[in-house]
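First up is the structure itself, then whatever we jot down about it.
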Amino acid sequence: MSLITVGTMAFDAIETPFAKTERIVGGSATYVAYAAINFVKPVQQISIVGYDFPKEEMEELKSRGVELDGVEIVPDKKSFFWSGRYHTDMNTRDTLVTDLNVLADFNPVVPDSYQGAEFLMLGNLMPKLQLSVINQLKVRPRLIVMDTMNFWMDVALEDLKEVLKKVDVLLINDGEARQLSGEFSLVKASHKILEMGPKFLIIKKGEHGALLFHENHVFFAPALPLEDVFDPTGAGDTFAGGFIGHLAKTKDISFENMKTAIIVGSAMASFCVEKLGPEKLKEITKADIDERLAEFVQLVNFDIDLV
Ligand code: AMP
């Protein structure tokens with residue numbers, strides 16, 4: 001069972017009320033890979049980096065079972081760079097800089113060895129490139145999950161709508177759902193977005209959990225209340241990696257199993273925010289993940305007598 005992931009591999013500069021760094025490894029595909037590899041092997045990565053991306057990071061990913069045949073290395077250009085500053089609530093942030101660098105001329109090529117993958121995670125990336133990857137696959141994967149962000153809604157909305165027609169699950173945050181649909185109510189927003197193509201919609205609400213919409217069903221998963229949130233960067237991508245990783249592992253793409261997958265995604269995201277960048281994701285073991293999943297069960301488990 002293999003999973004293709006597409007997205008950025010980047011350097012980030014991050015400022016939160018509790019931490020600041022001028023340069024740390026990040027990128028949507030990096031976080032997705034570090035999360036998903038706990039559940040499915042191989043993870044087949046498609047991305048692009050410049051001469052400056054650390055070889056040690058590539059080796060670290062490879063050693064965990066992430067295949068990098070689809071990661072292009074451009075010898076004379078810099079890696080994608082993103083910089084963001086979080087507000088005091090840590091749920092919202094401003095993008096300060098988005099330097100496309102190598103991304104500006106990226107034409108992803110799906111290696112032959114990746115053909116036949118049953119799961120495809122389209123991490124946050126130019127919609128045109130997400131579409132190009134879908135179109136290169138000779139057999140449509142069983143499940144295509146797409147992540148995106150307000151940046152692409154601002155600069156490439158029409159392309160984004162084309163990709164939406166071809167995916168099964170869309171993952172966005174509440175602000176992005178409102179922007180995409182033009183609706184304030186998330187329920188109304190979900191109806192409009194589900195008409196654009198995806199059969200399932202996940203709306204992430206940061207520390208307030210996530211909602212899964214499908215036809216007339218809705219499911220809610222909380223985020224784990226954490227004592228310390230250090231850096232929320234990558235939490236969305238990590239959530240996505242845990243979500244699709246669980247589905248790929250269990251080979252079950254039903255709505256019922258997606259409920260479990262959302263809890264798995266939330267558990268992985270709860271690790272991500274505890275340290276800067278993807279650091280925490282590199283430290284955790286299967287036992288840590290199981291323990292955290294048990295905390296989720298405890299968090300939402302209650303008996304009630306109907307009155
Ligand atoms: P998240 O916090 O889950 O939204 O993801 C943050 C990661 O996304 C950072 O590591 C950035 O490098 C990456 N990122 C930021 N902006 C973009 C963009 N426009 N396209 C693709 N990746 C991005």
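As shown in the structure tokens, the chain order sets the letters A, B, ...; within each chain, residues go from 1, and ligands are also counted from 1 in the order they appear.
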Env of stretch 122-128 of chain A: 7 Å cut, atoms = only C-alpha atoms, seq-sep filter 5 positions within chain, self excluded. Answer as number ranges by chain.
A: 5-8, 28-29, 145-149, 152, 159-160, 163
Export N, CA and C atoms of the chosen residues as a PDB file, in the first residue's frame?
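The resulting file, again-v5.pdb, is shown below:
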```pdb
ATOM      1  N   THR A   5       2.806  11.746  -1.814  1.00  0.00           N
ATOM      2  CA  THR A   5       2.563  13.065  -1.231  1.00  0.00           C
ATOM      3  C   THR A   5       3.242  14.114  -2.106  1.00  0.00           C
ATOM      4  N   VAL A   6       2.549  15.215  -2.306  1.00  0.00           N
ATOM      5  CA  VAL A   6       3.069  16.309  -3.119  1.00  0.00           C
ATOM      6  C   VAL A   6       3.002  17.572  -2.285  1.00  0.00           C
ATOM      7  N   GLY A   7       4.001  18.418  -2.384  1.00  0.00           N
ATOM      8  CA  GLY A   7       3.929  19.676  -1.645  1.00  0.00           C
ATOM      9  C   GLY A   7       5.282  20.340  -1.568  1.00  0.00           C
ATOM     10  N   THR A   8       5.385  21.308  -0.687  1.00  0.00           N
ATOM     11  CA  THR A   8       6.642  22.054  -0.571  1.00  0.00           C
ATOM     12  C   THR A   8       7.574  21.412   0.450  1.00  0.00           C
ATOM     13  N   SER A  28       4.962  21.953   3.358  1.00  0.00           N
ATOM     14  CA  SER A  28       3.783  21.108   3.535  1.00  0.00           C
ATOM     15  C   SER A  28       4.116  19.624   3.375  1.00  0.00           C
ATOM     16  N   ALA A  29       4.930  19.279   2.373  1.00  0.00           N
ATOM     17  CA  ALA A  29       5.224  17.862   2.125  1.00  0.00           C
ATOM     18  C   ALA A  29       6.116  17.277   3.217  1.00  0.00           C
ATOM     19  N   VAL A 145      -6.776  13.300  -1.577  1.00  0.00           N
ATOM     20  CA  VAL A 145      -7.033  14.314  -0.551  1.00  0.00           C
ATOM     21  C   VAL A 145      -6.257  15.565  -0.923  1.00  0.00           C
ATOM     22  N   MET A 146      -6.897  16.711  -0.806  1.00  0.00           N
ATOM     23  CA  MET A 146      -6.256  17.973  -1.193  1.00  0.00           C
ATOM     24  C   MET A 146      -6.247  18.953  -0.031  1.00  0.00           C
ATOM     25  N   ASP A 147      -5.102  19.569   0.172  1.00  0.00           N
ATOM     26  CA  ASP A 147      -4.977  20.672   1.125  1.00  0.00           C
ATOM     27  C   ASP A 147      -4.665  21.914   0.296  1.00  0.00           C
ATOM     28  N   THR A 148      -5.063  23.076   0.779  1.00  0.00           N
ATOM     29  CA  THR A 148      -4.698  24.314   0.087  1.00  0.00           C
ATOM     30  C   THR A 148      -4.739  25.444   1.105  1.00  0.00           C
ATOM     31  N   MET A 149      -4.566  26.685   0.652  1.00  0.00           N
ATOM     32  CA  MET A 149      -4.626  27.788   1.630  1.00  0.00           C
ATOM     33  C   MET A 149      -5.099  29.085   0.966  1.00  0.00           C
ATOM     34  N   TRP A 152      -3.414  30.638  -2.219  1.00  0.00           N
ATOM     35  CA  TRP A 152      -3.754  30.152  -3.566  1.00  0.00           C
ATOM     36  C   TRP A 152      -5.166  30.579  -3.972  1.00  0.00           C
ATOM     37  N   ASP A 159      -7.725  27.938 -11.088  1.00  0.00           N
ATOM     38  CA  ASP A 159      -6.988  26.661 -11.121  1.00  0.00           C
ATOM     39  C   ASP A 159      -7.408  25.791  -9.936  1.00  0.00           C
ATOM     40  N   LEU A 160      -7.564  26.439  -8.794  1.00  0.00           N
ATOM     41  CA  LEU A 160      -7.931  25.705  -7.576  1.00  0.00           C
ATOM     42  C   LEU A 160      -9.293  25.021  -7.772  1.00  0.00           C
ATOM     43  N   VAL A 163      -8.953  21.817  -9.718  1.00  0.00           N
ATOM     44  CA  VAL A 163      -8.461  20.673  -8.929  1.00  0.00           C
ATOM     45  C   VAL A 163      -9.594  20.122  -8.069  1.00  0.00           C
TER      46      VAL A 163
END
```
How close does each residue of chain A get to ligand 1, giving the shortest atom pair and distance in Å to one decimal for every residue with an atom at most 8 Å away, counting only C-alpha atoms and all ligand atoms, sorted by chain and residue number, as a tab-separated table?
```
residue	atom	partner	partner_atom_place_in_ligand_line	distance
A:Gly7	CA	ligand 1	21 (C)	6.4
A:Thr8	CA	ligand 1	22 (N)	5.1
A:Met9	CA	ligand 1	12 (O)	6.7
A:Ala10	CA	ligand 1	12 (O)	4.9
A:Phe11	CA	ligand 1	12 (O)	6.1
A:Asp12	CA	ligand 1	12 (O)	5.4
A:Val25	CA	ligand 1	10 (O)	7.2
A:Gly26	CA	ligand 1	10 (O)	3.7
A:Gly27	CA	ligand 1	12 (O)	3.5
A:Ser28	CA	ligand 1	8 (O)	4.5
A:Thr30	CA	ligand 1	10 (O)	7.7
A:Tyr31	CA	ligand 1	10 (O)	7.4
A:Phe80	CA	ligand 1	12 (O)	7.2
A:Phe81	CA	ligand 1	12 (O)	6.3
A:Trp82	CA	ligand 1	12 (O)	5.1
A:Ser83	CA	ligand 1	15 (C)	7.6
A:Thr95	CA	ligand 1	16 (N)	7.7
A:Thr98	CA	ligand 1	16 (N)	6.4
A:Gly123	CA	ligand 1	21 (C)	7.5
A:Asn124	CA	ligand 1	21 (C)	4.5
A:Leu125	CA	ligand 1	21 (C)	4.3
A:Met126	CA	ligand 1	20 (N)	6.5
A:Thr148	CA	ligand 1	20 (N)	7.5
A:Met149	CA	ligand 1	19 (N)	6.8
A:Phe151	CA	ligand 1	19 (N)	5.5
A:Trp152	CA	ligand 1	19 (N)	6.5
A:Pro232	CA	ligand 1	2 (O)	6.1
A:Thr233	CA	ligand 1	2 (O)	3.7
A:Gly234	CA	ligand 1	3 (O)	3.4
A:Ala235	CA	ligand 1	3 (O)	4.6
A:Gly236	CA	ligand 1	3 (O)	3.4
A:Asp237	CA	ligand 1	3 (O)	4.2
A:Thr238	CA	ligand 1	3 (O)	6.7
A:Phe239	CA	ligand 1	3 (O)	7.9
A:Gly277	CA	ligand 1	10 (O)	7.4
```
With only C-alpha atoms as the counted atoms, please give the residues lying no more than 8 Å from stretch 73-76 of chain A, apart from itself and same-chain residues fewer than 4 positions off, as a ChimeraX atom specification.
/A:48-51,102
Find the distance between atom CA of A:Lys165 and atom CA of A:Val218 and write it in Å to one decimal.
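Distance reported for this atom pair: 21.1 Å.
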Set the distance at 6 Å and use only C-alpha atoms: which residues neighbour stretch 249-264 of chain A once local chain neighbours fewer than 3 positions away are removed? I'd like the list as an mmCIF file with N, CA and C atoms, in the first residue's frame.
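Saved result, result_28.cif, follows:
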```cif
data_model
loop_
_atom_site.group_PDB
_atom_site.id
_atom_site.type_symbol
_atom_site.label_atom_id
_atom_site.label_comp_id
_atom_site.auth_asym_id
_atom_site.auth_seq_id
_atom_site.Cartn_x
_atom_site.Cartn_y
_atom_site.Cartn_z
ATOM 1 N N PHE A 39 2.334 5.414 9.682
ATOM 2 C CA PHE A 39 1.200 4.528 9.411
ATOM 3 C C PHE A 39 1.346 3.728 8.127
ATOM 4 N N VAL A 40 2.098 4.257 7.161
ATOM 5 C CA VAL A 40 2.151 3.607 5.853
ATOM 6 C C VAL A 40 3.563 3.736 5.266
ATOM 7 N N GLY A 242 -1.518 12.415 9.116
ATOM 8 C CA GLY A 242 -2.098 11.409 10.011
ATOM 9 C C GLY A 242 -3.415 10.883 9.460
ATOM 10 N N PHE A 243 -4.212 11.803 8.915
ATOM 11 C CA PHE A 243 -5.532 11.438 8.366
ATOM 12 C C PHE A 243 -5.380 10.440 7.220
ATOM 13 N N HIS A 246 -3.686 7.020 8.193
ATOM 14 C CA HIS A 246 -4.575 6.028 8.808
ATOM 15 C C HIS A 246 -5.467 5.360 7.752
ATOM 16 N N ALA A 267 -4.431 13.855 16.720
ATOM 17 C CA ALA A 267 -3.393 13.401 17.647
ATOM 18 C C ALA A 267 -2.011 13.762 17.112
#
```
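Closest to A:Ile144 among A:Val109, A:Ala240, A:Val187, A:Leu212 is A:Ala240, based on only C-alpha atoms.
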Among listed residues A:Lys62, A:Lys205, A:Lys41, A:Arg93, nearest A:Ile14 (using only C-alpha atoms):
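Using only C-alpha atoms, A:Ile14 sits closest to A:Arg93.
Proximity of A:Phe18, A:Phe296, A:Tyr34, A:Tyr114 to A:Lys282, computed with only C-alpha atoms, is greatest for A:Tyr34.
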Output as a PyMOL selection string all residues of stretch 104-294 of chain A that backbone DSSP marks as alpha helix (DSSP H).
chain A and resi 127-136+150-155+157-164+174-181+186-195+235-250+255-272+279-283+286-294
Compare A:Glu183, A:Glu67, A:Glu60, A:Asp105 by their minimum atom-to-atom distance to A:Pro278, counting only C-alpha atoms, and give me the closest one.
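Checking each candidate against A:Pro278, we get A:Glu60 as the closest.
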With only C-alpha atoms as the basis for distance, which of A:Val307, A:Leu3, A:Leu131, A:Val155 is at the shortest distance from A:Leu247?
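The answer is A:Leu3, which sits nearest to A:Leu247.
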Enumerate as a short mmCIF file (atom, residue, chain, number, x, y, z; two decimals) with all heavy atoms, in the first residue's frame all residues of stretch 33-121 of chain A assigned to strand (DSSP E) by DSSP on the backbone, naming them with the chain letters and numbers the document uses.
```
data_model
loop_
_atom_site.label_atom_id
_atom_site.label_comp_id
_atom_site.auth_asym_id
_atom_site.auth_seq_id
_atom_site.Cartn_x
_atom_site.Cartn_y
_atom_site.Cartn_z
N VAL A 43 6.16 6.14 1.81
CA VAL A 43 5.56 7.41 1.42
C VAL A 43 6.41 7.90 0.25
O VAL A 43 7.64 7.96 0.36
CB VAL A 43 5.60 8.42 2.59
CG1 VAL A 43 5.28 9.83 2.10
CG2 VAL A 43 4.59 8.01 3.67
N GLN A 44 5.75 8.18 -0.86
CA GLN A 44 6.50 8.56 -2.07
C GLN A 44 6.35 10.06 -2.30
O GLN A 44 5.29 10.55 -2.68
CB GLN A 44 5.96 7.74 -3.25
CG GLN A 44 6.13 6.23 -2.99
CD GLN A 44 5.60 5.36 -4.09
OE1 GLN A 44 4.46 5.54 -4.54
NE2 GLN A 44 6.41 4.41 -4.54
N GLN A 45 7.43 10.77 -2.06
CA GLN A 45 7.40 12.23 -2.02
C GLN A 45 7.65 12.85 -3.39
O GLN A 45 8.55 12.42 -4.11
CB GLN A 45 8.50 12.65 -1.03
CG GLN A 45 8.51 14.10 -0.67
CD GLN A 45 7.74 14.35 0.62
OE1 GLN A 45 6.65 13.81 0.81
NE2 GLN A 45 8.28 15.14 1.50
N ILE A 46 6.87 13.89 -3.70
CA ILE A 46 7.12 14.70 -4.90
C ILE A 46 7.27 16.14 -4.45
O ILE A 46 6.36 16.71 -3.84
CB ILE A 46 5.97 14.58 -5.93
CG1 ILE A 46 5.83 13.13 -6.40
CG2 ILE A 46 6.20 15.52 -7.11
CD1 ILE A 46 4.70 12.91 -7.40
N SER A 47 8.44 16.73 -4.72
CA SER A 47 8.67 18.11 -4.30
C SER A 47 9.89 18.65 -5.02
O SER A 47 10.41 18.01 -5.95
CB SER A 47 8.86 18.17 -2.77
OG SER A 47 8.84 19.49 -2.32
N ILE A 48 10.33 19.82 -4.60
CA ILE A 48 11.53 20.43 -5.20
C ILE A 48 12.28 21.19 -4.11
O ILE A 48 11.66 21.83 -3.27
CB ILE A 48 11.13 21.35 -6.38
CG1 ILE A 48 12.37 21.83 -7.13
CG2 ILE A 48 10.31 22.54 -5.90
CD1 ILE A 48 12.04 22.43 -8.52
N VAL A 49 13.61 21.09 -4.14
CA VAL A 49 14.42 21.86 -3.18
C VAL A 49 15.57 22.52 -3.93
O VAL A 49 15.89 22.13 -5.06
CB VAL A 49 15.00 20.97 -2.05
CG1 VAL A 49 13.90 20.40 -1.18
CG2 VAL A 49 15.88 19.86 -2.61
N VAL A 66 10.64 7.21 3.58
CA VAL A 66 10.09 8.17 2.60
C VAL A 66 10.96 8.11 1.34
O VAL A 66 12.17 8.31 1.42
CB VAL A 66 10.10 9.61 3.18
CG1 VAL A 66 9.52 10.60 2.17
CG2 VAL A 66 9.33 9.67 4.50
N GLU A 67 10.35 7.79 0.22
CA GLU A 67 11.10 7.73 -1.04
C GLU A 67 11.19 9.13 -1.63
O GLU A 67 10.19 9.84 -1.69
CB GLU A 67 10.39 6.78 -2.03
CG GLU A 67 10.48 5.33 -1.58
CD GLU A 67 9.78 4.37 -2.54
OE1 GLU A 67 9.30 4.80 -3.61
OE2 GLU A 67 9.70 3.18 -2.19
N LEU A 68 12.39 9.48 -2.09
CA LEU A 68 12.59 10.86 -2.57
C LEU A 68 12.90 10.91 -4.08
O LEU A 68 13.39 11.92 -4.57
CB LEU A 68 13.72 11.52 -1.77
CG LEU A 68 13.48 11.62 -0.25
CD1 LEU A 68 14.67 12.28 0.44
CD2 LEU A 68 12.20 12.39 0.08
N ASP A 69 12.61 9.82 -4.80
CA ASP A 69 12.90 9.81 -6.25
C ASP A 69 12.17 10.96 -6.96
O ASP A 69 12.62 11.43 -8.00
CB ASP A 69 12.43 8.50 -6.90
CG ASP A 69 12.98 7.28 -6.22
OD1 ASP A 69 13.33 7.36 -5.02
OD2 ASP A 69 13.04 6.22 -6.87
N GLY A 70 11.06 11.40 -6.42
CA GLY A 70 10.28 12.47 -7.04
C GLY A 70 10.64 13.85 -6.50
O GLY A 70 9.90 14.81 -6.75
N VAL A 71 11.73 13.96 -5.76
CA VAL A 71 12.14 15.28 -5.25
C VAL A 71 13.29 15.81 -6.09
O VAL A 71 14.39 15.25 -6.11
CB VAL A 71 12.57 15.19 -3.75
CG1 VAL A 71 13.06 16.55 -3.27
CG2 VAL A 71 11.41 14.70 -2.90
N GLU A 72 13.02 16.88 -6.81
CA GLU A 72 14.04 17.47 -7.69
C GLU A 72 14.95 18.38 -6.87
O GLU A 72 14.47 19.15 -6.03
CB GLU A 72 13.29 18.28 -8.77
CG GLU A 72 14.16 18.75 -9.89
CD GLU A 72 13.39 19.65 -10.87
OE1 GLU A 72 12.14 19.53 -10.99
OE2 GLU A 72 14.06 20.50 -11.49
N ILE A 73 16.25 18.29 -7.14
CA ILE A 73 17.21 19.18 -6.46
C ILE A 73 17.78 20.13 -7.50
O ILE A 73 18.41 19.70 -8.47
CB ILE A 73 18.34 18.37 -5.78
CG1 ILE A 73 17.74 17.33 -4.81
CG2 ILE A 73 19.30 19.31 -5.05
CD1 ILE A 73 18.75 16.36 -4.22
N PHE A 80 12.23 26.94 -1.46
CA PHE A 80 11.04 27.74 -1.10
C PHE A 80 11.21 28.29 0.32
O PHE A 80 11.69 27.58 1.20
CB PHE A 80 9.80 26.84 -1.19
CG PHE A 80 8.51 27.49 -0.76
CD1 PHE A 80 7.89 28.45 -1.54
CD2 PHE A 80 7.90 27.12 0.44
CE1 PHE A 80 6.69 29.04 -1.14
CE2 PHE A 80 6.70 27.70 0.85
CZ PHE A 80 6.10 28.66 0.05
N PHE A 81 10.83 29.56 0.50
CA PHE A 81 10.97 30.17 1.83
C PHE A 81 9.65 30.81 2.24
O PHE A 81 9.02 31.53 1.46
CB PHE A 81 12.08 31.23 1.81
CG PHE A 81 12.19 32.00 3.09
CD1 PHE A 81 12.83 31.45 4.22
CD2 PHE A 81 11.66 33.29 3.20
CE1 PHE A 81 12.92 32.16 5.40
CE2 PHE A 81 11.74 34.00 4.39
CZ PHE A 81 12.37 33.44 5.49
N TRP A 82 9.25 30.53 3.46
CA TRP A 82 8.01 31.13 3.99
C TRP A 82 8.27 31.69 5.38
O TRP A 82 9.02 31.08 6.16
CB TRP A 82 6.90 30.08 4.05
CG TRP A 82 5.64 30.58 4.71
CD1 TRP A 82 4.67 31.34 4.12
CD2 TRP A 82 5.21 30.35 6.06
NE1 TRP A 82 3.68 31.60 5.03
CE2 TRP A 82 3.98 31.01 6.23
CE3 TRP A 82 5.76 29.66 7.14
CZ2 TRP A 82 3.28 31.01 7.42
CZ3 TRP A 82 5.07 29.65 8.34
CH2 TRP A 82 3.84 30.32 8.48
N SER A 83 7.66 32.83 5.64
CA SER A 83 7.82 33.40 6.96
C SER A 83 6.46 33.84 7.50
O SER A 83 5.65 34.42 6.77
CB SER A 83 8.78 34.59 6.84
OG SER A 83 8.65 35.41 7.95
N GLY A 84 6.20 33.51 8.76
CA GLY A 84 4.90 33.86 9.34
C GLY A 84 5.02 34.28 10.79
O GLY A 84 5.96 33.89 11.49
N ARG A 85 4.08 35.14 11.19
CA ARG A 85 4.03 35.58 12.59
C ARG A 85 2.65 35.28 13.15
O ARG A 85 1.63 35.67 12.57
CB ARG A 85 4.33 37.07 12.67
CG ARG A 85 4.39 37.57 14.13
CD ARG A 85 4.51 39.09 14.22
NE ARG A 85 5.74 39.59 13.64
CZ ARG A 85 5.81 40.65 12.84
NH1 ARG A 85 4.73 41.31 12.50
NH2 ARG A 85 6.98 41.07 12.37
N TYR A 86 2.63 34.59 14.29
CA TYR A 86 1.36 34.21 14.92
C TYR A 86 0.85 35.31 15.82
O TYR A 86 1.63 36.02 16.46
CB TYR A 86 1.55 32.90 15.71
CG TYR A 86 1.70 31.73 14.79
CD1 TYR A 86 2.93 31.43 14.23
CD2 TYR A 86 0.60 30.99 14.40
CE1 TYR A 86 3.08 30.38 13.32
CE2 TYR A 86 0.73 29.95 13.50
CZ TYR A 86 1.97 29.65 12.96
OH TYR A 86 2.09 28.63 12.05
N ARG A 93 -2.53 33.76 12.01
CA ARG A 93 -1.16 34.22 11.73
C ARG A 93 -1.16 35.09 10.50
O ARG A 93 -2.08 35.04 9.67
CB ARG A 93 -0.24 33.03 11.53
CG ARG A 93 -0.51 32.28 10.24
CD ARG A 93 0.34 31.03 10.08
NE ARG A 93 -0.01 30.33 8.85
CZ ARG A 93 0.18 29.03 8.64
NH1 ARG A 93 0.73 28.28 9.59
NH2 ARG A 93 -0.16 28.48 7.51
N ASP A 94 -0.12 35.88 10.37
CA ASP A 94 0.09 36.65 9.15
C ASP A 94 1.26 36.04 8.41
O ASP A 94 2.29 35.73 9.02
CB ASP A 94 0.43 38.11 9.48
CG ASP A 94 -0.73 38.82 10.15
OD1 ASP A 94 -1.88 38.54 9.76
OD2 ASP A 94 -0.49 39.64 11.05
N THR A 95 1.10 35.89 7.10
CA THR A 95 2.24 35.51 6.28
C THR A 95 3.04 36.78 6.01
O THR A 95 2.49 37.78 5.56
CB THR A 95 1.76 34.87 4.96
OG1 THR A 95 1.25 33.58 5.25
CG2 THR A 95 2.89 34.73 3.96
N LEU A 96 4.33 36.75 6.34
CA LEU A 96 5.17 37.94 6.13
C LEU A 96 5.88 37.86 4.78
O LEU A 96 6.00 38.85 4.07
CB LEU A 96 6.20 38.06 7.26
CG LEU A 96 5.63 38.08 8.69
CD1 LEU A 96 6.76 38.15 9.72
CD2 LEU A 96 4.68 39.25 8.88
N VAL A 97 6.35 36.67 4.43
CA VAL A 97 7.09 36.50 3.18
C VAL A 97 6.74 35.14 2.56
O VAL A 97 6.67 34.14 3.28
CB VAL A 97 8.63 36.49 3.44
CG1 VAL A 97 9.41 36.37 2.14
CG2 VAL A 97 9.07 37.71 4.22
N THR A 98 6.52 35.12 1.26
CA THR A 98 6.46 33.85 0.52
C THR A 98 7.40 34.00 -0.66
O THR A 98 7.09 34.68 -1.64
CB THR A 98 5.02 33.55 0.01
OG1 THR A 98 4.12 33.49 1.11
CG2 THR A 98 4.96 32.23 -0.73
N ASP A 99 8.60 33.42 -0.57
CA ASP A 99 9.58 33.46 -1.67
C ASP A 99 9.51 32.13 -2.40
O ASP A 99 9.97 31.11 -1.87
CB ASP A 99 11.01 33.64 -1.13
CG ASP A 99 11.31 35.09 -0.81
OD1 ASP A 99 10.60 35.97 -1.34
OD2 ASP A 99 12.26 35.32 -0.04
N PHE A 119 -3.22 5.90 -2.80
CA PHE A 119 -3.59 7.11 -2.06
C PHE A 119 -2.72 8.27 -2.52
O PHE A 119 -1.52 8.10 -2.73
CB PHE A 119 -3.42 6.88 -0.54
CG PHE A 119 -4.47 5.93 0.00
CD1 PHE A 119 -4.32 4.56 -0.14
CD2 PHE A 119 -5.62 6.43 0.60
CE1 PHE A 119 -5.30 3.69 0.33
CE2 PHE A 119 -6.60 5.56 1.05
CZ PHE A 119 -6.44 4.19 0.93
N LEU A 120 -3.36 9.43 -2.68
CA LEU A 120 -2.62 10.62 -3.11
C LEU A 120 -2.95 11.78 -2.19
O LEU A 120 -4.12 12.14 -2.01
CB LEU A 120 -3.01 10.98 -4.56
CG LEU A 120 -2.48 12.32 -5.10
CD1 LEU A 120 -0.96 12.36 -5.11
CD2 LEU A 120 -3.01 12.57 -6.52
N MET A 121 -1.92 12.34 -1.58
CA MET A 121 -2.09 13.52 -0.73
C MET A 121 -1.54 14.74 -1.45
O MET A 121 -0.32 14.87 -1.61
CB MET A 121 -1.33 13.30 0.60
CG MET A 121 -1.38 14.47 1.56
SD MET A 121 -3.03 14.72 2.22
CE MET A 121 -3.25 16.47 1.94
#
```
Do a neighbour search on stretch 133-137 of chain A at 7 Å with only C-alpha atoms, toss out local chain neighbours closer than 3 positions, and write the hits as a ChimeraX atom specification.
/A:108,110,115,129-130,140
Please write the residues from the selection above to a file, keeping all heavy atoms, as a PDB file, in the first residue's frame.
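Below is the file out_37.pdb, written as the result:
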```pdb
ATOM      1  N   PRO A 108       6.413  19.225 -11.628  1.00  0.00           N
ATOM      2  CA  PRO A 108       6.571  17.919 -10.985  1.00  0.00           C
ATOM      3  C   PRO A 108       6.462  16.771 -11.987  1.00  0.00           C
ATOM      4  O   PRO A 108       5.623  16.809 -12.889  1.00  0.00           O
ATOM      5  CB  PRO A 108       5.401  17.881  -9.988  1.00  0.00           C
ATOM      6  CG  PRO A 108       4.453  18.939 -10.407  1.00  0.00           C
ATOM      7  CD  PRO A 108       5.224  19.954 -11.170  1.00  0.00           C
ATOM      8  N   VAL A 110       6.048  12.645 -12.055  1.00  0.00           N
ATOM      9  CA  VAL A 110       5.772  11.456 -11.242  1.00  0.00           C
ATOM     10  C   VAL A 110       6.684  10.329 -11.726  1.00  0.00           C
ATOM     11  O   VAL A 110       6.590   9.903 -12.884  1.00  0.00           O
ATOM     12  CB  VAL A 110       4.292  11.026 -11.379  1.00  0.00           C
ATOM     13  CG1 VAL A 110       4.032   9.757 -10.583  1.00  0.00           C
ATOM     14  CG2 VAL A 110       3.357  12.147 -10.927  1.00  0.00           C
ATOM     15  N   GLN A 115       3.921   4.997  -9.921  1.00  0.00           N
ATOM     16  CA  GLN A 115       2.626   4.699 -10.574  1.00  0.00           C
ATOM     17  C   GLN A 115       1.918   3.561  -9.843  1.00  0.00           C
ATOM     18  O   GLN A 115       2.565   2.634  -9.357  1.00  0.00           O
ATOM     19  CB  GLN A 115       2.839   4.307 -12.043  1.00  0.00           C
ATOM     20  CG  GLN A 115       3.306   5.439 -12.932  1.00  0.00           C
ATOM     21  CD  GLN A 115       2.234   6.524 -13.189  1.00  0.00           C
ATOM     22  OE1 GLN A 115       1.049   6.330 -12.895  1.00  0.00           O
ATOM     23  NE2 GLN A 115       2.668   7.645 -13.731  1.00  0.00           N
ATOM     24  N   LEU A 129       0.017  22.700 -10.209  1.00  0.00           N
ATOM     25  CA  LEU A 129       0.956  21.591 -10.030  1.00  0.00           C
ATOM     26  C   LEU A 129       0.246  20.385  -9.404  1.00  0.00           C
ATOM     27  O   LEU A 129       0.543  19.239  -9.728  1.00  0.00           O
ATOM     28  CB  LEU A 129       2.143  22.026  -9.172  1.00  0.00           C
ATOM     29  CG  LEU A 129       2.919  23.237  -9.702  1.00  0.00           C
ATOM     30  CD1 LEU A 129       4.190  23.458  -8.888  1.00  0.00           C
ATOM     31  CD2 LEU A 129       3.288  23.056 -11.172  1.00  0.00           C
ATOM     32  N   GLN A 130      -0.701  20.667  -8.519  1.00  0.00           N
ATOM     33  CA  GLN A 130      -1.494  19.562  -7.946  1.00  0.00           C
ATOM     34  C   GLN A 130      -2.230  18.843  -9.079  1.00  0.00           C
ATOM     35  O   GLN A 130      -2.259  17.607  -9.139  1.00  0.00           O
ATOM     36  CB  GLN A 130      -2.499  20.110  -6.919  1.00  0.00           C
ATOM     37  CG  GLN A 130      -1.842  20.724  -5.674  1.00  0.00           C
ATOM     38  CD  GLN A 130      -2.864  21.323  -4.715  1.00  0.00           C
ATOM     39  OE1 GLN A 130      -3.787  22.021  -5.140  1.00  0.00           O
ATOM     40  NE2 GLN A 130      -2.706  21.085  -3.431  1.00  0.00           N
ATOM     41  N   ARG A 140      -6.241   6.186 -11.621  1.00  0.00           N
ATOM     42  CA  ARG A 140      -6.650   7.122 -10.573  1.00  0.00           C
ATOM     43  C   ARG A 140      -6.528   6.443  -9.202  1.00  0.00           C
ATOM     44  O   ARG A 140      -7.022   5.328  -9.005  1.00  0.00           O
ATOM     45  CB  ARG A 140      -8.094   7.568 -10.781  1.00  0.00           C
ATOM     46  CG  ARG A 140      -8.489   8.706  -9.842  1.00  0.00           C
ATOM     47  CD  ARG A 140      -9.998   8.914  -9.824  1.00  0.00           C
ATOM     48  NE  ARG A 140     -10.341  10.147  -9.119  1.00  0.00           N
ATOM     49  CZ  ARG A 140     -10.494  10.252  -7.804  1.00  0.00           C
ATOM     50  NH1 ARG A 140     -10.311   9.199  -7.030  1.00  0.00           N
ATOM     51  NH2 ARG A 140     -10.814  11.409  -7.253  1.00  0.00           N
TER      52      ARG A 140
END
```
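Take atom CA of A:Ile289 and atom CA of A:Ser2: the distance between them is 21.0 Å.
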